[in-house]
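Trainee: Starting off with a structure, shown below.
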Amino acid sequence: MPQATSLSAEINSKYYETCEIEEGETGQFEIFKSGESILSKKEHGGFFTIEDVKKKLDVMGQSFYGE
């Protein structure tokens, strides 16, 4: 879970969104924005980075930043 903790800390320290970690039963990891799952470890094919999150939001026409 160190990768999840690190990603959560980066989101919470740099961006207007807040990130909380909830441990799942099967090692799954997902990012939600406004209650909507936007990226999951299973669909991505492995653990993702902050850059992957930014790219996904860009494709969705959303910003990761509070601007």
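Ordering of the structure tokens sets the chain letters (A, B, ...), residue numbers begin anew at 1 in every chain, and ligands are numbered from 1 in the order given.
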Write out as a PyMOL selection string the set of residues from chain A that DSSP, computed on the backbone, places in strand (DSSP E).
Mentor: chain A and resi 30-33+36-40
Trainee: Compile the contact shell of His44 of chain A as a PDB file with C-alpha atoms, in the first residue's frame: residues with an atom at most 12 Å away, counting only C-alpha atoms, same-chain residues fewer than 3 positions apart removed.
Mentor:
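Contents of selection-v5.pdb, as written:
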```pdb
ATOM      1  CA  GLN A  28      -7.664  -3.098  -5.942  1.00  0.00           C
ATOM      2  CA  PHE A  29      -6.991   0.620  -6.207  1.00  0.00           C
ATOM      3  CA  GLU A  30      -9.251   3.262  -7.749  1.00  0.00           C
ATOM      4  CA  ILE A  31      -9.340   7.031  -8.009  1.00  0.00           C
ATOM      5  CA  ILE A  38     -12.105   7.686 -13.096  1.00  0.00           C
ATOM      6  CA  LEU A  39      -9.200   5.253 -12.964  1.00  0.00           C
ATOM      7  CA  SER A  40      -8.703   1.793 -11.539  1.00  0.00           C
ATOM      8  CA  LYS A  41      -5.666  -0.419 -11.136  1.00  0.00           C
ATOM      9  CA  PHE A  47      -0.676   0.681 -10.464  1.00  0.00           C
ATOM     10  CA  PHE A  48      -0.886   4.163 -11.947  1.00  0.00           C
ATOM     11  CA  THR A  49       0.949   7.405 -11.287  1.00  0.00           C
ATOM     12  CA  ASP A  52      -1.760   8.804 -15.439  1.00  0.00           C
ATOM     13  CA  VAL A  53      -4.454  10.502 -13.348  1.00  0.00           C
ATOM     14  CA  LYS A  56      -7.201  10.495 -17.739  1.00  0.00           C
TER      15      LYS A  56
END
```
Trainee: Which of these, A:Met60, A:Thr18, A:Gly45, A:Thr5, has the shortest distance to Phe32 of chain A once you count only C-alpha atoms?
Mentor: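 Of A:Met60, A:Thr18, A:Gly45, A:Thr5, the one nearest Phe32 of chain A, counting only C-alpha atoms, is A:Thr18.
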Trainee: Using only C-alpha atoms, which of A:Lys42, A:Ile50, A:Val59, A:Gly27 sits nearest Asn12 of chain A?
Mentor: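 Checking each of A:Lys42, A:Ile50, A:Val59, A:Gly27 against Asn12 of chain A, counting only C-alpha atoms, the winner is A:Ile50.
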Trainee: What does the structure give for the distance between atom CA of Asp58 of chain A and atom CA of Thr26 of chain A, in Å to one decimal?
Mentor: 28.6 Å
Trainee: Per DSSP on the backbone, filter chain A down to the residues in alpha helix (DSSP H) and report them as number ranges by chain.
Mentor: A: 2-14, 41-44, 50-59
Trainee: Could you tell me how far atom CA of Glu22 of chain A lies from atom CA of Glu43 of chain A, in Å and to one decimal?
Mentor: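 Interatomic distance, atom CA of Glu22 of chain A to atom CA of Glu43 of chain A: 18.0 Å.
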Trainee: Which of these residues is nearest to Glu20 of chain A, using only C-alpha atoms: A:Gly35, A:Gly46, A:Ser8, A:Gln3?
Mentor: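 Using only C-alpha atoms, Glu20 of chain A sits closest to A:Ser8.
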Trainee: For Cys19 of chain A, which residue out of A:Ser63, A:Leu7, A:Pro2, A:Lys54 is the nearest one, using only C-alpha atoms?
Mentor: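 Nearest to Cys19 of chain A: A:Leu7.
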Trainee: Rank nothing, just name the residue among A:Gln62, A:Glu10, A:Ala4, A:Lys55 nearest to Lys33 of chain A, using only C-alpha atoms.
Mentor: A:Gln62
